[in-house]
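The block underneath contains the structure these notes are about, expressed in structure tokens.
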Amino acid sequence: MRSYNVAIVGATGMVGTKFLQVLSERNLPVKNYYLYASKRSAGKVVNFLGKDHIIIELKEENIVGKDLDFALFSAGGATSKEFAPIFVKNGCVVIDNSSQWRTDPEVPLVVPEVNASDSLKNKGIIANPNCSTIQAVVALKPLHDKYTIKRVVYSTYQAVSGAGMTGYSDLENRVTDPDQLKKFPYPIYGNVLPHIDVFLDNGYTKEEQKMIFETQKILGDSNIKVTATTVRVPVFHGHSESINIEFKKPCTLEGIRECLIAQKGITVIDDPKQNLYPMPIYAEDKDDVFVGRIRLDDTVESGCNIWVVADNIRKGAATNAVQILEYLIQADSK
Ligand code: A2P
């Protein structure tokens with residue numbers, strides 16, 4: 001089997017370090033890893049897979065001539081915009097975790113459990129979806145296949161780790177002095193912020209807009225009506241989502257449970273009598289999406305409510321990107 005050269009861009013960040021952890025747990029046929037970050041981190045040494053790697057400054061002259069096959073990016077939208085095309089020009093396929101390319105019709109937006117084969121249509125860049133969308137569509141996919149989804153209402157409870165190192169530190173340091181806040185406009189400690197990413201003219205946030213657009217793109221159905229309220233909560237790891245779903249076809253509680261249990265990548269935890277339901281503390285550092293609180297919604301002809309939890313930095317970011325990489329490598333070896 002061929003072996004590949006892989007770059008990690010943003011290797012010192014919240015998602016970048018999780019890329020390294022997830023890659024070290026899997027046995028990918030990789031010849032060399034190249035770890036990139038900003039000038040600030042260049043020269044630092046990171047031990048990865050038993051070998052010391054020197055962090056390389058991200059600039060064009062450090063990209064050319066390395067014979068890179070794949071690059072996993074998580075260094076923000078502006079860095080992706082500038083550097084993903086340079087990696088592509090040098091013969092590399094980029095799997096990008098930022099929102100920079102997700103709406104581009106030429107760029108596949110991929111969650112392997114849902115639309116893995118779309119990644120083969122790439123023209124150099126594949127987008128990793130938003131963390132909240134990834135865990136949601138893993139649960140929606142089998143329900144859509146079985147009952148055809150008409151409408152989805154998302155309400156999210158999102159961890160601070162989704163806001164990078166600075167968001168994390170605002171909670172970790174219990175910052176309440178507005179002048180000391182590094183990331184959020186108000187304290188997240190002891191608080192809840194109905195505000196993730198910037199506000200748009202229509203009153204929704206960009207995070208909400210991402211969930212709406214990305215759900216339709218990944219499920220390949222722009223007829224699905226989607227609305228969302230996204231909320232930051234004082235939890236370190238793991239996003240939780242209440243999802244209300246209305247179907248076109250009649251559903252049953254047993255049928256919904258069966259298809260969720262059968263879906264690869266989902267663990268159903270749903271035994272209310274025993275107080276068993278998914279929670280962020282269970283999902284932390286796991287690759288699966290956890291689903292529970294499965295109930296029919298009697299206010300519509302056919303519909304249900306589900307509660308979906310996943311580690312936003314694993315399945316919501318790093319694991320999903322590494323799964324795309326594995327899929328591309330497997331497809332290349334056939
Ligand atoms: P650095 O650590 O050198 O600043 P997070 O989202 O956790 O804040 O991490 C962002 C990641 O993206 C870090 O690895 C950071 O590197 C990297 N990064 C940010 N800006 C740039 C840039 N202009 N060029 C290269 N890497 C960048």
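Residues are named by chain letter and number: chains run A, B, ... in the order of the structure tokens, numbers start at 1 in each chain, and ligands are numbered from 1 in the order shown.
Using only C-alpha atoms and all ligand atoms as the basis for the distance check, residues found within 7 Å of ligand 1 are Val9, Gly10, Ala11, Thr12, Gly13, Met14, Val15, Gly16, Tyr36, Ala37, Ser38, Lys39, Arg40, Ser41, Ala42, Glu57, Leu58, Ser74, Ala75, Gly76, Thr79, Gly164, Met165 and Thr166 of chain A.
Neighbouring residues of region 124-138 of chain A at 7 Å or closer, counting only C-alpha atoms and skipping chain neighbours under 3 positions away, are Val88, Cys92, Val93, Val94, Ile95, Asp96, Asn97, Trp101, Arg102, Val107, Pro108, Leu109, Val110, Val111, Glu113, Val114, Ser119, Lys141, Met211, Glu214, Thr215, His239, Val289, Val308, Ala310, Asn312, Gly316, Ala317 and Ala321 of chain A.
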* List every residue of region 2-178 of chain A that DSSP, applied to the backbone, labels as strand (DSSP E), and write the result as a VMD selection string. => chain A and resid 4 to 9 30 to 37 45 to 48 51 to 54 56 to 57 70 to 73 93 to 96 125 to 127 149 to 157
* **Shell around Phe184 (chain A) at 8 Å using only C-alpha atoms, local window under 3 positions removed, as a ChimeraX atom specification** => /A:167,170,181,187-188
Keeping only N, CA, C and O atoms, take the residues you just selected and write them out as a short mmCIF file (atom, residue, chain, number, x, y, z; two decimals), in the first residue's frame.
```cif
data_model
loop_
_atom_site.label_atom_id
_atom_site.label_comp_id
_atom_site.auth_asym_id
_atom_site.auth_seq_id
_atom_site.Cartn_x
_atom_site.Cartn_y
_atom_site.Cartn_z
N GLY A 167 -11.77 31.22 24.21
CA GLY A 167 -13.10 30.96 24.77
C GLY A 167 -13.00 30.04 25.97
O GLY A 167 -13.64 30.25 27.00
N ASP A 170 -11.76 31.86 29.11
CA ASP A 170 -12.75 32.72 29.78
C ASP A 170 -13.56 31.93 30.82
O ASP A 170 -13.89 32.44 31.89
N LEU A 181 -12.23 39.74 29.75
CA LEU A 181 -12.74 38.67 28.87
C LEU A 181 -11.89 38.61 27.60
O LEU A 181 -11.60 39.63 26.99
N PRO A 187 -19.57 37.53 30.41
CA PRO A 187 -19.02 36.32 31.06
C PRO A 187 -19.79 35.08 30.64
O PRO A 187 -21.02 35.12 30.52
N ILE A 188 -19.06 33.99 30.43
CA ILE A 188 -19.71 32.70 30.17
C ILE A 188 -19.81 31.92 31.49
O ILE A 188 -20.68 31.06 31.64
#
```
Compile a residue-level contact table for region 103-206 of chain A against region 275-284 of chain A at a cut-off of 10 Å, reporting for every qualifying residue the shortest atom pair and its distance in Å to one decimal, with only C-alpha atoms counted, rows ordered by chain and ascending number, as CSV.
```
residue,atom,partner,partner_atom,distance
A:Tyr157,CA,A:Pro280,CA,9.9
A:Gln158,CA,A:Pro280,CA,9.7
A:Ala159,CA,A:Pro280,CA,8.7
```
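Near region 242-253 of chain A, within 8 Å and counting only C-alpha atoms, sit Ala136, His144, Tyr147, Thr148, Ile149, Lys150, Arg151, Val152, Val153, Tyr154, Ser155, Thr156, Ser240, Gly255, Ile256, Arg257, Ile294, Arg295, Leu296, Asp297, Val300, Glu301, Ser302, Gly303, Cys304, Asn305, Ile306, Trp307 and Val308 of chain A; same-chain residues fewer than 2 positions away were not included.
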Atoms kept (N, CA and C atoms) for selection, written as a PDB file, in the first residue's frame:
```
ATOM      1  N   ALA A 136     -25.579  16.677  14.366  1.00  0.00           N
ATOM      2  CA  ALA A 136     -27.013  16.662  14.043  1.00  0.00           C
ATOM      3  C   ALA A 136     -27.300  15.781  12.828  1.00  0.00           C
ATOM      4  N   HIS A 144     -34.122  10.684   7.843  1.00  0.00           N
ATOM      5  CA  HIS A 144     -34.500  11.261   6.541  1.00  0.00           C
ATOM      6  C   HIS A 144     -34.698  10.152   5.510  1.00  0.00           C
ATOM      7  N   TYR A 147     -38.122   8.317   6.733  1.00  0.00           N
ATOM      8  CA  TYR A 147     -39.415   9.026   6.854  1.00  0.00           C
ATOM      9  C   TYR A 147     -39.494  10.332   6.052  1.00  0.00           C
ATOM     10  N   THR A 148     -38.433  10.768   5.412  1.00  0.00           N
ATOM     11  CA  THR A 148     -38.337  12.037   4.666  1.00  0.00           C
ATOM     12  C   THR A 148     -38.644  13.236   5.577  1.00  0.00           C
ATOM     13  N   ILE A 149     -37.600  13.926   5.944  1.00  0.00           N
ATOM     14  CA  ILE A 149     -37.752  15.062   6.873  1.00  0.00           C
ATOM     15  C   ILE A 149     -38.363  16.266   6.149  1.00  0.00           C
ATOM     16  N   LYS A 150     -39.371  16.849   6.802  1.00  0.00           N
ATOM     17  CA  LYS A 150     -40.033  18.047   6.257  1.00  0.00           C
ATOM     18  C   LYS A 150     -39.440  19.309   6.920  1.00  0.00           C
ATOM     19  N   ARG A 151     -39.244  19.244   8.239  1.00  0.00           N
ATOM     20  CA  ARG A 151     -38.811  20.443   8.976  1.00  0.00           C
ATOM     21  C   ARG A 151     -37.987  20.040  10.204  1.00  0.00           C
ATOM     22  N   VAL A 152     -36.981  20.864  10.499  1.00  0.00           N
ATOM     23  CA  VAL A 152     -36.125  20.619  11.669  1.00  0.00           C
ATOM     24  C   VAL A 152     -36.025  21.910  12.493  1.00  0.00           C
ATOM     25  N   VAL A 153     -36.172  21.796  13.810  1.00  0.00           N
ATOM     26  CA  VAL A 153     -35.954  22.941  14.714  1.00  0.00           C
ATOM     27  C   VAL A 153     -34.800  22.571  15.651  1.00  0.00           C
ATOM     28  N   TYR A 154     -33.700  23.313  15.528  1.00  0.00           N
ATOM     29  CA  TYR A 154     -32.536  23.067  16.383  1.00  0.00           C
ATOM     30  C   TYR A 154     -32.496  24.065  17.542  1.00  0.00           C
ATOM     31  N   SER A 155     -32.203  23.563  18.750  1.00  0.00           N
ATOM     32  CA  SER A 155     -31.818  24.439  19.870  1.00  0.00           C
ATOM     33  C   SER A 155     -30.537  23.822  20.424  1.00  0.00           C
ATOM     34  N   THR A 156     -29.461  24.610  20.453  1.00  0.00           N
ATOM     35  CA  THR A 156     -28.171  24.015  20.838  1.00  0.00           C
ATOM     36  C   THR A 156     -27.672  24.552  22.176  1.00  0.00           C
ATOM     37  N   SER A 240     -24.544  19.875  23.110  1.00  0.00           N
ATOM     38  CA  SER A 240     -25.825  19.168  23.232  1.00  0.00           C
ATOM     39  C   SER A 240     -26.837  19.880  22.339  1.00  0.00           C
ATOM     40  N   GLY A 255     -39.831   2.474  15.319  1.00  0.00           N
ATOM     41  CA  GLY A 255     -39.132   2.634  14.034  1.00  0.00           C
ATOM     42  C   GLY A 255     -38.007   3.648  14.143  1.00  0.00           C
ATOM     43  N   ILE A 256     -38.264   4.746  14.841  1.00  0.00           N
ATOM     44  CA  ILE A 256     -37.240   5.792  15.011  1.00  0.00           C
ATOM     45  C   ILE A 256     -36.063   5.223  15.820  1.00  0.00           C
ATOM     46  N   ARG A 257     -36.390   4.547  16.917  1.00  0.00           N
ATOM     47  CA  ARG A 257     -35.331   3.974  17.763  1.00  0.00           C
ATOM     48  C   ARG A 257     -34.486   2.981  16.977  1.00  0.00           C
ATOM     49  N   ILE A 294     -35.707  10.131  23.192  1.00  0.00           N
ATOM     50  CA  ILE A 294     -36.446   9.971  21.928  1.00  0.00           C
ATOM     51  C   ILE A 294     -37.938   9.924  22.247  1.00  0.00           C
ATOM     52  N   ARG A 295     -38.674  10.895  21.731  1.00  0.00           N
ATOM     53  CA  ARG A 295     -40.124  10.987  22.001  1.00  0.00           C
ATOM     54  C   ARG A 295     -40.858  11.370  20.738  1.00  0.00           C
ATOM     55  N   LEU A 296     -42.072  10.872  20.559  1.00  0.00           N
ATOM     56  CA  LEU A 296     -42.903  11.343  19.452  1.00  0.00           C
ATOM     57  C   LEU A 296     -43.366  12.754  19.783  1.00  0.00           C
ATOM     58  N   ASP A 297     -43.511  13.585  18.763  1.00  0.00           N
ATOM     59  CA  ASP A 297     -44.084  14.926  18.948  1.00  0.00           C
ATOM     60  C   ASP A 297     -45.552  14.862  18.525  1.00  0.00           C
ATOM     61  N   VAL A 300     -47.701  17.375  15.922  1.00  0.00           N
ATOM     62  CA  VAL A 300     -47.700  17.303  14.453  1.00  0.00           C
ATOM     63  C   VAL A 300     -48.155  15.904  14.039  1.00  0.00           C
ATOM     64  N   GLU A 301     -48.525  15.747  12.742  1.00  0.00           N
ATOM     65  CA  GLU A 301     -49.009  14.427  12.292  1.00  0.00           C
ATOM     66  C   GLU A 301     -47.943  13.356  12.445  1.00  0.00           C
ATOM     67  N   SER A 302     -46.702  13.714  12.084  1.00  0.00           N
ATOM     68  CA  SER A 302     -45.605  12.756  12.212  1.00  0.00           C
ATOM     69  C   SER A 302     -44.337  13.515  12.587  1.00  0.00           C
ATOM     70  N   GLY A 303     -43.791  13.224  13.761  1.00  0.00           N
ATOM     71  CA  GLY A 303     -42.588  13.953  14.168  1.00  0.00           C
ATOM     72  C   GLY A 303     -42.065  13.443  15.495  1.00  0.00           C
ATOM     73  N   CYS A 304     -40.885  13.917  15.860  1.00  0.00           N
ATOM     74  CA  CYS A 304     -40.294  13.476  17.132  1.00  0.00           C
ATOM     75  C   CYS A 304     -39.346  14.534  17.693  1.00  0.00           C
ATOM     76  N   ASN A 305     -38.971  14.329  18.949  1.00  0.00           N
ATOM     77  CA  ASN A 305     -37.917  15.118  19.592  1.00  0.00           C
ATOM     78  C   ASN A 305     -36.776  14.172  19.945  1.00  0.00           C
ATOM     79  N   ILE A 306     -35.553  14.621  19.690  1.00  0.00           N
ATOM     80  CA  ILE A 306     -34.394  13.837  20.127  1.00  0.00           C
ATOM     81  C   ILE A 306     -33.378  14.780  20.775  1.00  0.00           C
ATOM     82  N   TRP A 307     -32.495  14.196  21.598  1.00  0.00           N
ATOM     83  CA  TRP A 307     -31.441  14.929  22.298  1.00  0.00           C
ATOM     84  C   TRP A 307     -30.121  14.338  21.829  1.00  0.00           C
ATOM     85  N   VAL A 308     -29.261  15.171  21.264  1.00  0.00           N
ATOM     86  CA  VAL A 308     -28.056  14.676  20.591  1.00  0.00           C
ATOM     87  C   VAL A 308     -26.816  15.336  21.192  1.00  0.00           C
TER      88      VAL A 308
END
```
